[in-house]
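As structure tokens, the structure follows; a few thoughts come after it.
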Amino acid sequence: MAALLAMAIAQDAPGAAPGQETPTSIARLLAGRKAFAALPVKGKVKRDIKMDDQTYPMADGPSRVVLLKLPDYQEPYALTIKSYQYKHAFSVKYGIFVPTTVVLDGDFAVTRTVPEAQLRWKSASMMKGARLEARLSFAESQKEERFVLLYTRGRFVGRPTRMADIINVPPNVFIAETTADGNIEAEMGPITNK
């Protein structure tokens with residue numbers, strides 16, 4: 001069984017080094033364990049990525065992950081992924097989990113990727129903290145997409161993010177660092193012109 005799994009991993013990731021996982025192999029493994037958050041047609045799901053969560057060896061360094069299961073397609077919708085900036089108790093530094101977002105179909109083939117460079121910073125408000133956001137639209141042509149995997153590039157953990165935000169501090173003045181843990185929110189809803 002282990003040999004078959006290793007062969008499947010090697011076949012779906014020609015560039016992966018031995019012992020490294022791919023978005024496909026991780027999503028397949030987690031879905032088989034039913035270790036995912038099922039997204040409602042409308043609403044949100046929150047997940048904490050904790051330091052004691054399982055780490056997966058990947059090409060860009062080890063990462064903890066979150067797997068989201070998309071609802072069956074009924075009509076066009078949007079998924080907004082939010083990763084919140086935070087500060088651990090007694091720490092002077094802010095941190096944020098900077099996700100790479102990978103969308104997969106029902107056979108776990110990667111259909112599209114949203115790299116971290118396409119994430120947008122959103123300022124803190126009275127109701128929500130500063131965060132990185134990615135918005136994905138799903139139309140008829142994406143109806144076969146079933147899962148969304150979020151991971152961070154482990155080799156960048158501990159480094160400053162490209163931009164951070166905190167109330168009343170100009171952008172690029174306050175530095176947050178990329179972390180291996182964090183707070184993720186996934187919100188489903190209709191496609192709007194935000």
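By order of appearance in the structure tokens: chains A, B, ..., then residues from 1 within every chain, and ligands from 1 in the order shown.
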
Tell me which protein, DNA and RNA residues are within 7 Å of range 41-56 of chain A, counting only C-alpha atoms, leaving out same-chain ones fewer than 3 positions away, and put them as a list of chain:residue names.
A:Glu21, A:Pro62, A:Ser63, A:Arg64, A:Pro71, A:Ala180, A:Asp181, A:Gly182, A:Asn183, A:Ile184, A:Glu185, A:Ala186, A:Glu187, A:Met188, A:Gly189

Residues just named, written with C-alpha atoms as a tab-separated table (two decimals), in the first residue's frame:
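Result went into out-v9.tsv, see below:
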```
chain	number	residue	atom	x	y	z
A	21	GLU	CA	4.51	16.17	-0.74
A	62	PRO	CA	7.65	22.47	5.39
A	63	SER	CA	4.10	23.76	5.83
A	64	ARG	CA	0.95	23.24	7.81
A	71	PRO	CA	-20.09	22.81	-2.15
A	180	ALA	CA	3.83	28.79	10.24
A	181	ASP	CA	0.59	29.25	12.19
A	182	GLY	CA	-2.34	31.63	11.90
A	183	ASN	CA	-6.04	32.31	11.59
A	184	ILE	CA	-7.87	31.58	8.33
A	185	GLU	CA	-11.42	32.51	7.37
A	186	ALA	CA	-13.14	31.29	4.20
A	187	GLU	CA	-16.34	33.10	3.19
A	188	MET	CA	-18.72	31.96	0.46
A	189	GLY	CA	-21.25	34.19	-1.24
```

Could you go through range 14-180 of chain A and tell me which residues DSSP, when run on the backbone, assigns to strand (DSSP E), listing them as a short mmCIF file (atom, residue, chain, number, x, y, z; two decimals) with all heavy atoms, in the first residue's frame?
```
data_model
loop_
_atom_site.label_atom_id
_atom_site.label_comp_id
_atom_site.auth_asym_id
_atom_site.auth_seq_id
_atom_site.Cartn_x
_atom_site.Cartn_y
_atom_site.Cartn_z
N ALA A 37 -12.54 21.17 5.97
CA ALA A 37 -13.67 22.00 6.39
C ALA A 37 -14.61 22.11 5.19
O ALA A 37 -14.21 22.58 4.14
CB ALA A 37 -13.19 23.38 6.82
N ALA A 38 -15.84 21.63 5.36
CA ALA A 38 -16.83 21.72 4.28
C ALA A 38 -17.42 23.12 4.29
O ALA A 38 -17.91 23.60 5.31
CB ALA A 38 -17.92 20.68 4.49
N GLY A 43 -21.98 31.62 3.62
CA GLY A 43 -21.54 31.69 5.01
C GLY A 43 -20.03 31.59 5.10
O GLY A 43 -19.33 31.67 4.10
N LYS A 44 -19.53 31.39 6.33
CA LYS A 44 -18.08 31.34 6.50
C LYS A 44 -17.67 30.23 7.44
O LYS A 44 -18.44 29.74 8.24
CB LYS A 44 -17.54 32.68 6.97
CG LYS A 44 -18.13 33.24 8.24
CD LYS A 44 -17.51 34.56 8.63
CE LYS A 44 -18.32 35.72 8.12
NZ LYS A 44 -17.90 37.00 8.67
N VAL A 45 -16.39 29.86 7.28
CA VAL A 45 -15.75 28.84 8.10
C VAL A 45 -14.44 29.43 8.58
O VAL A 45 -13.73 30.07 7.80
CB VAL A 45 -15.49 27.56 7.27
CG1 VAL A 45 -14.61 26.58 8.03
CG2 VAL A 45 -16.79 26.89 6.86
N LYS A 46 -14.13 29.23 9.86
CA LYS A 46 -12.86 29.71 10.41
C LYS A 46 -12.02 28.52 10.85
O LYS A 46 -12.55 27.54 11.37
CB LYS A 46 -13.12 30.63 11.61
CG LYS A 46 -13.86 31.89 11.24
CD LYS A 46 -14.11 32.76 12.45
CE LYS A 46 -14.89 34.00 12.04
NZ LYS A 46 -15.15 34.89 13.17
N ARG A 47 -10.72 28.63 10.62
CA ARG A 47 -9.78 27.57 11.02
C ARG A 47 -8.54 28.21 11.60
O ARG A 47 -7.99 29.16 11.04
CB ARG A 47 -9.37 26.70 9.82
CG ARG A 47 -10.42 25.76 9.35
CD ARG A 47 -10.62 24.62 10.37
NE ARG A 47 -11.69 23.74 10.01
CZ ARG A 47 -12.93 23.80 10.46
NH1 ARG A 47 -13.29 24.74 11.29
NH2 ARG A 47 -13.83 22.94 10.09
N ASP A 48 -8.09 27.66 12.71
CA ASP A 48 -6.80 28.05 13.28
C ASP A 48 -5.77 27.05 12.81
O ASP A 48 -6.01 25.84 12.82
CB ASP A 48 -6.85 28.05 14.81
CG ASP A 48 -7.69 29.18 15.37
OD1 ASP A 48 -7.82 30.22 14.70
OD2 ASP A 48 -8.21 29.02 16.48
N ILE A 49 -4.63 27.55 12.40
CA ILE A 49 -3.50 26.70 12.05
C ILE A 49 -2.57 26.80 13.24
O ILE A 49 -2.04 27.87 13.53
CB ILE A 49 -2.82 27.19 10.75
CG1 ILE A 49 -3.84 27.20 9.61
CG2 ILE A 49 -1.62 26.32 10.43
CD1 ILE A 49 -3.36 27.94 8.39
N VAL A 65 -1.19 22.97 6.69
CA VAL A 65 -2.15 23.22 5.61
C VAL A 65 -3.58 23.27 6.15
O VAL A 65 -3.86 22.80 7.25
CB VAL A 65 -2.06 22.13 4.51
CG1 VAL A 65 -0.64 22.02 3.96
CG2 VAL A 65 -2.52 20.79 5.02
N VAL A 66 -4.45 23.82 5.33
CA VAL A 66 -5.90 23.77 5.55
C VAL A 66 -6.52 23.31 4.23
O VAL A 66 -6.19 23.84 3.17
CB VAL A 66 -6.48 25.15 5.93
CG1 VAL A 66 -7.99 25.13 5.95
CG2 VAL A 66 -5.94 25.61 7.27
N LEU A 67 -7.39 22.29 4.30
CA LEU A 67 -8.11 21.82 3.12
C LEU A 67 -9.58 22.20 3.28
O LEU A 67 -10.20 21.91 4.30
CB LEU A 67 -7.97 20.30 2.96
CG LEU A 67 -8.64 19.72 1.71
CD1 LEU A 67 -7.98 20.24 0.43
CD2 LEU A 67 -8.60 18.19 1.74
N LEU A 68 -10.11 22.87 2.26
CA LEU A 68 -11.52 23.27 2.23
C LEU A 68 -12.22 22.47 1.15
O LEU A 68 -11.69 22.30 0.06
CB LEU A 68 -11.64 24.76 1.91
CG LEU A 68 -10.85 25.71 2.83
CD1 LEU A 68 -10.87 27.12 2.26
CD2 LEU A 68 -11.43 25.69 4.24
N LYS A 69 -13.42 21.99 1.45
CA LYS A 69 -14.22 21.27 0.45
C LYS A 69 -15.30 22.21 -0.05
O LYS A 69 -16.09 22.75 0.73
CB LYS A 69 -14.85 20.01 1.05
CG LYS A 69 -15.59 19.18 0.00
CD LYS A 69 -16.04 17.85 0.57
CE LYS A 69 -16.54 16.90 -0.47
NZ LYS A 69 -17.59 17.38 -1.31
N TYR A 77 -20.53 31.71 -7.81
CA TYR A 77 -20.30 32.19 -6.45
C TYR A 77 -18.84 32.62 -6.31
O TYR A 77 -18.02 32.38 -7.19
CB TYR A 77 -20.65 31.13 -5.40
CG TYR A 77 -19.80 29.88 -5.44
CD1 TYR A 77 -18.64 29.77 -4.69
CD2 TYR A 77 -20.19 28.78 -6.21
CE1 TYR A 77 -17.87 28.62 -4.72
CE2 TYR A 77 -19.42 27.63 -6.24
CZ TYR A 77 -18.27 27.55 -5.49
OH TYR A 77 -17.51 26.41 -5.52
N ALA A 78 -18.55 33.27 -5.18
CA ALA A 78 -17.18 33.71 -4.89
C ALA A 78 -16.75 33.15 -3.55
O ALA A 78 -17.57 32.99 -2.63
CB ALA A 78 -17.12 35.24 -4.86
N LEU A 79 -15.48 32.86 -3.45
CA LEU A 79 -14.87 32.41 -2.20
C LEU A 79 -13.80 33.43 -1.85
O LEU A 79 -12.90 33.69 -2.65
CB LEU A 79 -14.25 31.02 -2.37
CG LEU A 79 -13.35 30.51 -1.24
CD1 LEU A 79 -14.12 30.37 0.06
CD2 LEU A 79 -12.70 29.20 -1.64
N THR A 80 -13.89 34.00 -0.65
CA THR A 80 -12.89 34.94 -0.18
C THR A 80 -12.10 34.27 0.94
O THR A 80 -12.69 33.82 1.93
CB THR A 80 -13.53 36.25 0.34
OG1 THR A 80 -14.32 36.82 -0.72
CG2 THR A 80 -12.47 37.25 0.76
N ILE A 81 -10.80 34.16 0.75
CA ILE A 81 -9.90 33.59 1.75
C ILE A 81 -9.26 34.75 2.49
O ILE A 81 -8.72 35.67 1.86
CB ILE A 81 -8.79 32.74 1.08
CG1 ILE A 81 -9.37 31.65 0.19
CG2 ILE A 81 -7.82 32.20 2.12
CD1 ILE A 81 -10.04 30.54 0.90
N LYS A 82 -9.30 34.71 3.83
CA LYS A 82 -8.71 35.77 4.65
C LYS A 82 -7.74 35.14 5.64
O LYS A 82 -8.08 34.16 6.29
CB LYS A 82 -9.80 36.52 5.42
CG LYS A 82 -10.86 37.14 4.53
CD LYS A 82 -12.02 37.66 5.34
CE LYS A 82 -13.15 38.11 4.42
NZ LYS A 82 -14.33 38.53 5.15
N SER A 83 -6.55 35.71 5.74
CA SER A 83 -5.57 35.30 6.74
C SER A 83 -5.28 36.52 7.60
O SER A 83 -4.82 37.55 7.10
CB SER A 83 -4.30 34.79 6.07
OG SER A 83 -3.37 34.38 7.05
N TYR A 84 -5.56 36.39 8.91
CA TYR A 84 -5.49 37.55 9.80
C TYR A 84 -4.11 37.71 10.44
O TYR A 84 -3.48 36.74 10.88
CB TYR A 84 -6.55 37.42 10.90
CG TYR A 84 -7.93 37.69 10.37
CD1 TYR A 84 -8.73 36.67 9.89
CD2 TYR A 84 -8.42 38.99 10.32
CE1 TYR A 84 -9.99 36.92 9.38
CE2 TYR A 84 -9.68 39.25 9.80
CZ TYR A 84 -10.46 38.22 9.34
OH TYR A 84 -11.70 38.47 8.83
N TYR A 94 4.26 41.18 15.21
CA TYR A 94 3.04 40.67 14.59
C TYR A 94 3.42 39.59 13.59
O TYR A 94 4.52 39.64 13.01
CB TYR A 94 2.28 41.78 13.88
CG TYR A 94 1.48 42.64 14.82
CD1 TYR A 94 2.08 43.64 15.56
CD2 TYR A 94 0.11 42.43 14.98
CE1 TYR A 94 1.35 44.43 16.44
CE2 TYR A 94 -0.63 43.21 15.86
CZ TYR A 94 0.00 44.21 16.58
OH TYR A 94 -0.73 44.97 17.45
N GLY A 95 2.54 38.66 13.38
CA GLY A 95 2.78 37.60 12.41
C GLY A 95 1.56 37.34 11.56
O GLY A 95 0.45 37.77 11.91
N ILE A 96 1.76 36.65 10.47
CA ILE A 96 0.65 36.29 9.59
C ILE A 96 1.03 35.05 8.78
O ILE A 96 2.16 34.92 8.33
CB ILE A 96 0.23 37.46 8.66
CG1 ILE A 96 -1.09 37.16 7.98
CG2 ILE A 96 1.35 37.81 7.69
CD1 ILE A 96 -1.76 38.38 7.36
N THR A 100 -0.48 30.26 0.07
CA THR A 100 -0.60 29.99 -1.35
C THR A 100 -1.88 29.19 -1.47
O THR A 100 -2.11 28.26 -0.70
CB THR A 100 0.61 29.19 -1.89
OG1 THR A 100 1.77 30.03 -1.78
CG2 THR A 100 0.41 28.77 -3.34
N THR A 101 -2.74 29.54 -2.41
CA THR A 101 -4.06 28.92 -2.55
C THR A 101 -4.07 28.07 -3.81
O THR A 101 -3.80 28.57 -4.89
CB THR A 101 -5.15 30.02 -2.63
OG1 THR A 101 -5.03 30.87 -1.48
CG2 THR A 101 -6.53 29.42 -2.70
N VAL A 102 -4.40 26.79 -3.64
CA VAL A 102 -4.43 25.85 -4.76
C VAL A 102 -5.83 25.27 -4.86
O VAL A 102 -6.37 24.76 -3.89
CB VAL A 102 -3.40 24.71 -4.57
CG1 VAL A 102 -3.47 23.72 -5.71
CG2 VAL A 102 -2.00 25.29 -4.42
N VAL A 103 -6.43 25.34 -6.05
CA VAL A 103 -7.76 24.78 -6.30
C VAL A 103 -7.58 23.47 -7.05
O VAL A 103 -6.80 23.39 -8.00
CB VAL A 103 -8.63 25.77 -7.11
CG1 VAL A 103 -10.04 25.22 -7.30
CG2 VAL A 103 -8.69 27.13 -6.41
N LEU A 104 -8.32 22.44 -6.60
CA LEU A 104 -8.21 21.11 -7.19
C LEU A 104 -9.59 20.59 -7.59
O LEU A 104 -10.59 20.93 -6.97
CB LEU A 104 -7.59 20.13 -6.19
CG LEU A 104 -6.23 20.55 -5.62
CD1 LEU A 104 -6.38 21.04 -4.20
CD2 LEU A 104 -5.27 19.40 -5.67
N ASP A 105 -9.60 19.73 -8.61
CA ASP A 105 -10.87 19.13 -9.03
C ASP A 105 -11.13 17.86 -8.21
O ASP A 105 -10.36 17.54 -7.29
CB ASP A 105 -10.89 18.86 -10.53
CG ASP A 105 -9.88 17.81 -10.99
OD1 ASP A 105 -9.35 17.05 -10.15
OD2 ASP A 105 -9.62 17.76 -12.21
N VAL A 110 -4.62 19.80 -9.94
CA VAL A 110 -4.59 21.25 -9.71
C VAL A 110 -5.19 21.95 -10.92
O VAL A 110 -4.78 21.72 -12.06
CB VAL A 110 -3.15 21.74 -9.45
CG1 VAL A 110 -3.10 23.26 -9.36
CG2 VAL A 110 -2.59 21.09 -8.19
N THR A 111 -6.19 22.80 -10.69
CA THR A 111 -6.84 23.54 -11.79
C THR A 111 -6.37 24.99 -11.85
O THR A 111 -6.35 25.57 -12.92
CB THR A 111 -8.37 23.50 -11.64
OG1 THR A 111 -8.73 24.05 -10.37
CG2 THR A 111 -8.90 22.08 -11.76
N ARG A 112 -6.01 25.54 -10.70
CA ARG A 112 -5.48 26.91 -10.67
C ARG A 112 -4.81 27.16 -9.32
O ARG A 112 -5.09 26.49 -8.34
CB ARG A 112 -6.55 27.96 -10.95
CG ARG A 112 -7.79 27.87 -10.11
CD ARG A 112 -8.84 28.87 -10.57
NE ARG A 112 -10.14 28.53 -10.05
CZ ARG A 112 -11.06 29.41 -9.73
NH1 ARG A 112 -10.81 30.70 -9.89
NH2 ARG A 112 -12.24 29.03 -9.27
N THR A 113 -3.95 28.18 -9.31
CA THR A 113 -3.20 28.55 -8.11
C THR A 113 -3.23 30.05 -7.96
O THR A 113 -3.12 30.79 -8.94
CB THR A 113 -1.73 28.07 -8.23
OG1 THR A 113 -1.73 26.65 -8.39
CG2 THR A 113 -0.92 28.42 -7.01
N VAL A 114 -3.38 30.51 -6.72
CA VAL A 114 -3.28 31.94 -6.40
C VAL A 114 -2.02 32.09 -5.55
O VAL A 114 -2.02 31.74 -4.37
CB VAL A 114 -4.52 32.44 -5.63
CG1 VAL A 114 -4.37 33.92 -5.30
CG2 VAL A 114 -5.79 32.17 -6.40
N ARG A 120 -4.07 40.51 -1.33
CA ARG A 120 -4.20 41.95 -1.08
C ARG A 120 -4.30 42.20 0.42
O ARG A 120 -5.01 41.49 1.13
CB ARG A 120 -5.45 42.51 -1.76
CG ARG A 120 -5.40 42.43 -3.27
CD ARG A 120 -6.71 42.85 -3.87
NE ARG A 120 -7.74 41.97 -3.31
CZ ARG A 120 -9.03 42.22 -3.30
NH1 ARG A 120 -9.48 43.31 -3.83
NH2 ARG A 120 -9.88 41.38 -2.77
N TRP A 121 -3.61 43.25 0.90
CA TRP A 121 -3.73 43.65 2.30
C TRP A 121 -5.02 44.43 2.48
O TRP A 121 -5.36 45.28 1.66
CB TRP A 121 -2.55 44.53 2.70
CG TRP A 121 -1.37 43.76 3.19
CD1 TRP A 121 -0.24 43.49 2.50
CD2 TRP A 121 -1.23 43.13 4.47
NE1 TRP A 121 0.60 42.72 3.27
CE2 TRP A 121 0.02 42.49 4.48
CE3 TRP A 121 -2.05 43.04 5.60
CZ2 TRP A 121 0.48 41.79 5.58
CZ3 TRP A 121 -1.58 42.34 6.70
CH2 TRP A 121 -0.33 41.72 6.68
N LYS A 122 -5.71 44.15 3.56
CA LYS A 122 -6.89 44.91 3.96
C LYS A 122 -6.60 45.49 5.33
O LYS A 122 -6.14 44.79 6.23
CB LYS A 122 -8.14 44.02 4.02
CG LYS A 122 -8.56 43.47 2.68
CD LYS A 122 -9.12 44.58 1.82
CE LYS A 122 -9.71 44.01 0.55
NZ LYS A 122 -10.37 45.00 -0.24
N ARG A 131 -5.54 42.00 7.47
CA ARG A 131 -5.54 40.67 6.89
C ARG A 131 -5.06 40.69 5.45
O ARG A 131 -5.10 41.72 4.79
CB ARG A 131 -6.93 40.05 6.96
CG ARG A 131 -7.97 40.85 6.18
CD ARG A 131 -9.38 40.61 6.69
NE ARG A 131 -10.35 41.44 6.01
CZ ARG A 131 -10.65 42.69 6.34
NH1 ARG A 131 -10.02 43.29 7.33
NH2 ARG A 131 -11.57 43.36 5.68
N LEU A 132 -4.69 39.52 4.99
CA LEU A 132 -4.44 39.28 3.57
C LEU A 132 -5.68 38.61 3.01
O LEU A 132 -6.28 37.76 3.67
CB LEU A 132 -3.24 38.35 3.38
CG LEU A 132 -1.86 38.96 3.63
CD1 LEU A 132 -0.80 37.87 3.64
CD2 LEU A 132 -1.54 39.99 2.56
N GLU A 133 -6.06 38.99 1.79
CA GLU A 133 -7.25 38.40 1.17
C GLU A 133 -6.98 37.96 -0.26
O GLU A 133 -6.21 38.59 -0.98
CB GLU A 133 -8.41 39.40 1.12
CG GLU A 133 -9.10 39.61 2.42
CD GLU A 133 -10.39 40.42 2.29
OE1 GLU A 133 -10.84 40.70 1.16
OE2 GLU A 133 -10.94 40.77 3.33
N ALA A 134 -7.64 36.89 -0.62
CA ALA A 134 -7.68 36.42 -2.02
C ALA A 134 -9.13 36.10 -2.32
O ALA A 134 -9.84 35.54 -1.48
CB ALA A 134 -6.82 35.19 -2.21
N ARG A 135 -9.59 36.49 -3.50
CA ARG A 135 -10.98 36.24 -3.89
C ARG A 135 -10.99 35.41 -5.16
O ARG A 135 -10.37 35.77 -6.15
CB ARG A 135 -11.69 37.57 -4.13
CG ARG A 135 -13.18 37.44 -4.27
CD ARG A 135 -13.81 38.83 -4.08
NE ARG A 135 -15.23 38.74 -4.17
CZ ARG A 135 -15.92 38.88 -5.30
NH1 ARG A 135 -15.29 39.14 -6.41
NH2 ARG A 135 -17.22 38.77 -5.30
N LEU A 136 -11.69 34.29 -5.10
CA LEU A 136 -11.78 33.39 -6.24
C LEU A 136 -13.23 33.32 -6.70
O LEU A 136 -14.12 33.14 -5.87
CB LEU A 136 -11.33 31.98 -5.86
CG LEU A 136 -9.87 31.80 -5.51
CD1 LEU A 136 -9.67 31.95 -4.02
CD2 LEU A 136 -9.42 30.44 -5.95
N SER A 137 -13.43 33.45 -7.98
CA SER A 137 -14.78 33.32 -8.55
C SER A 137 -14.94 31.92 -9.13
O SER A 137 -13.99 31.35 -9.68
CB SER A 137 -14.99 34.36 -9.65
OG SER A 137 -14.96 35.65 -9.10
N PHE A 138 -16.14 31.39 -8.97
CA PHE A 138 -16.47 30.07 -9.50
C PHE A 138 -17.68 30.21 -10.41
O PHE A 138 -18.73 30.66 -9.97
CB PHE A 138 -16.77 29.08 -8.37
CG PHE A 138 -15.56 28.78 -7.53
CD1 PHE A 138 -15.19 29.63 -6.49
CD2 PHE A 138 -14.78 27.68 -7.79
CE1 PHE A 138 -14.08 29.37 -5.72
CE2 PHE A 138 -13.66 27.40 -7.03
CZ PHE A 138 -13.30 28.25 -5.99
N GLU A 145 -14.46 21.85 -9.90
CA GLU A 145 -13.52 22.11 -8.81
C GLU A 145 -14.18 21.74 -7.48
O GLU A 145 -15.33 22.09 -7.23
CB GLU A 145 -13.06 23.57 -8.84
CG GLU A 145 -12.25 23.85 -10.10
CD GLU A 145 -11.82 25.29 -10.23
OE1 GLU A 145 -12.53 26.19 -9.74
OE2 GLU A 145 -10.78 25.52 -10.86
N ARG A 146 -13.44 21.00 -6.64
CA ARG A 146 -14.01 20.45 -5.41
C ARG A 146 -13.29 20.84 -4.13
O ARG A 146 -13.87 20.81 -3.06
CB ARG A 146 -14.04 18.91 -5.48
CG ARG A 146 -14.95 18.36 -6.53
CD ARG A 146 -16.40 18.50 -6.08
NE ARG A 146 -17.30 17.94 -7.06
CZ ARG A 146 -18.08 18.66 -7.84
NH1 ARG A 146 -18.06 19.97 -7.77
NH2 ARG A 146 -18.88 18.08 -8.70
N PHE A 147 -11.98 21.16 -4.23
CA PHE A 147 -11.20 21.42 -3.02
C PHE A 147 -10.32 22.65 -3.20
O PHE A 147 -9.93 22.99 -4.30
CB PHE A 147 -10.28 20.22 -2.70
CG PHE A 147 -11.03 18.98 -2.32
CD1 PHE A 147 -11.29 18.00 -3.28
CD2 PHE A 147 -11.47 18.78 -1.03
CE1 PHE A 147 -11.98 16.85 -2.95
CE2 PHE A 147 -12.17 17.63 -0.69
CZ PHE A 147 -12.43 16.66 -1.64
N VAL A 148 -10.00 23.29 -2.06
CA VAL A 148 -9.05 24.39 -2.01
C VAL A 148 -8.06 24.06 -0.90
O VAL A 148 -8.47 23.81 0.24
CB VAL A 148 -9.75 25.74 -1.74
CG1 VAL A 148 -8.73 26.85 -1.59
CG2 VAL A 148 -10.75 26.07 -2.84
N LEU A 149 -6.78 24.04 -1.24
CA LEU A 149 -5.72 23.77 -0.27
C LEU A 149 -4.94 25.05 -0.02
O LEU A 149 -4.54 25.73 -0.97
CB LEU A 149 -4.78 22.68 -0.80
CG LEU A 149 -3.66 22.27 0.16
CD1 LEU A 149 -4.20 21.38 1.27
CD2 LEU A 149 -2.54 21.57 -0.59
N LEU A 150 -4.73 25.37 1.25
CA LEU A 150 -3.95 26.54 1.64
C LEU A 150 -2.68 26.07 2.33
O LEU A 150 -2.74 25.23 3.25
CB LEU A 150 -4.75 27.42 2.61
CG LEU A 150 -6.14 27.85 2.15
CD1 LEU A 150 -6.86 28.57 3.28
CD2 LEU A 150 -6.04 28.75 0.93
N TYR A 151 -1.54 26.58 1.90
CA TYR A 151 -0.27 26.28 2.56
C TYR A 151 0.63 27.50 2.45
O TYR A 151 0.37 28.42 1.69
CB TYR A 151 0.39 25.03 1.95
CG TYR A 151 0.91 25.22 0.55
CD1 TYR A 151 2.23 25.61 0.32
CD2 TYR A 151 0.10 25.00 -0.57
CE1 TYR A 151 2.72 25.78 -0.96
CE2 TYR A 151 0.59 25.16 -1.85
CZ TYR A 151 1.90 25.55 -2.04
OH TYR A 151 2.37 25.73 -3.31
N ALA A 176 5.45 42.89 9.84
CA ALA A 176 4.98 41.61 10.38
C ALA A 176 5.81 40.53 9.75
O ALA A 176 6.36 40.69 8.66
CB ALA A 176 3.50 41.41 10.04
N GLU A 177 5.93 39.40 10.43
CA GLU A 177 6.70 38.31 9.85
C GLU A 177 5.79 37.17 9.44
O GLU A 177 4.73 36.97 10.00
CB GLU A 177 7.81 37.84 10.79
CG GLU A 177 7.35 37.22 12.06
CD GLU A 177 8.51 36.79 12.97
OE1 GLU A 177 9.56 37.44 12.97
OE2 GLU A 177 8.33 35.78 13.67
N THR A 178 6.25 36.43 8.44
CA THR A 178 5.54 35.26 7.97
C THR A 178 5.65 34.17 9.03
O THR A 178 6.74 33.94 9.56
CB THR A 178 6.15 34.77 6.64
OG1 THR A 178 6.06 35.83 5.69
CG2 THR A 178 5.44 33.55 6.12
#
```

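Minimum atom-to-atom distance to Ala117 in chain A, evaluated using only C-alpha atoms, belongs to A:Thr161 out of A:Glu144, A:Gln74, A:Thr161, A:Ala89.
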
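For the residues A:Ala27, A:Gly106, A:Pro190, A:Pro40, ranking by smallest atom-to-atom distance to Gln142 in chain A using only C-alpha atoms places A:Gly106 first.
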
Residues of chain A in helix (DSSP H, G or I), written as a ChimeraX atom specification: /A:2-12,23-32,116-118,140-142,154-156

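Between Ala130 in chain A and the candidates A:Arg33, A:Arg159, A:Lys87, A:Lys143, the tightest atom-to-atom separation, counting only C-alpha atoms, involves A:Lys87.
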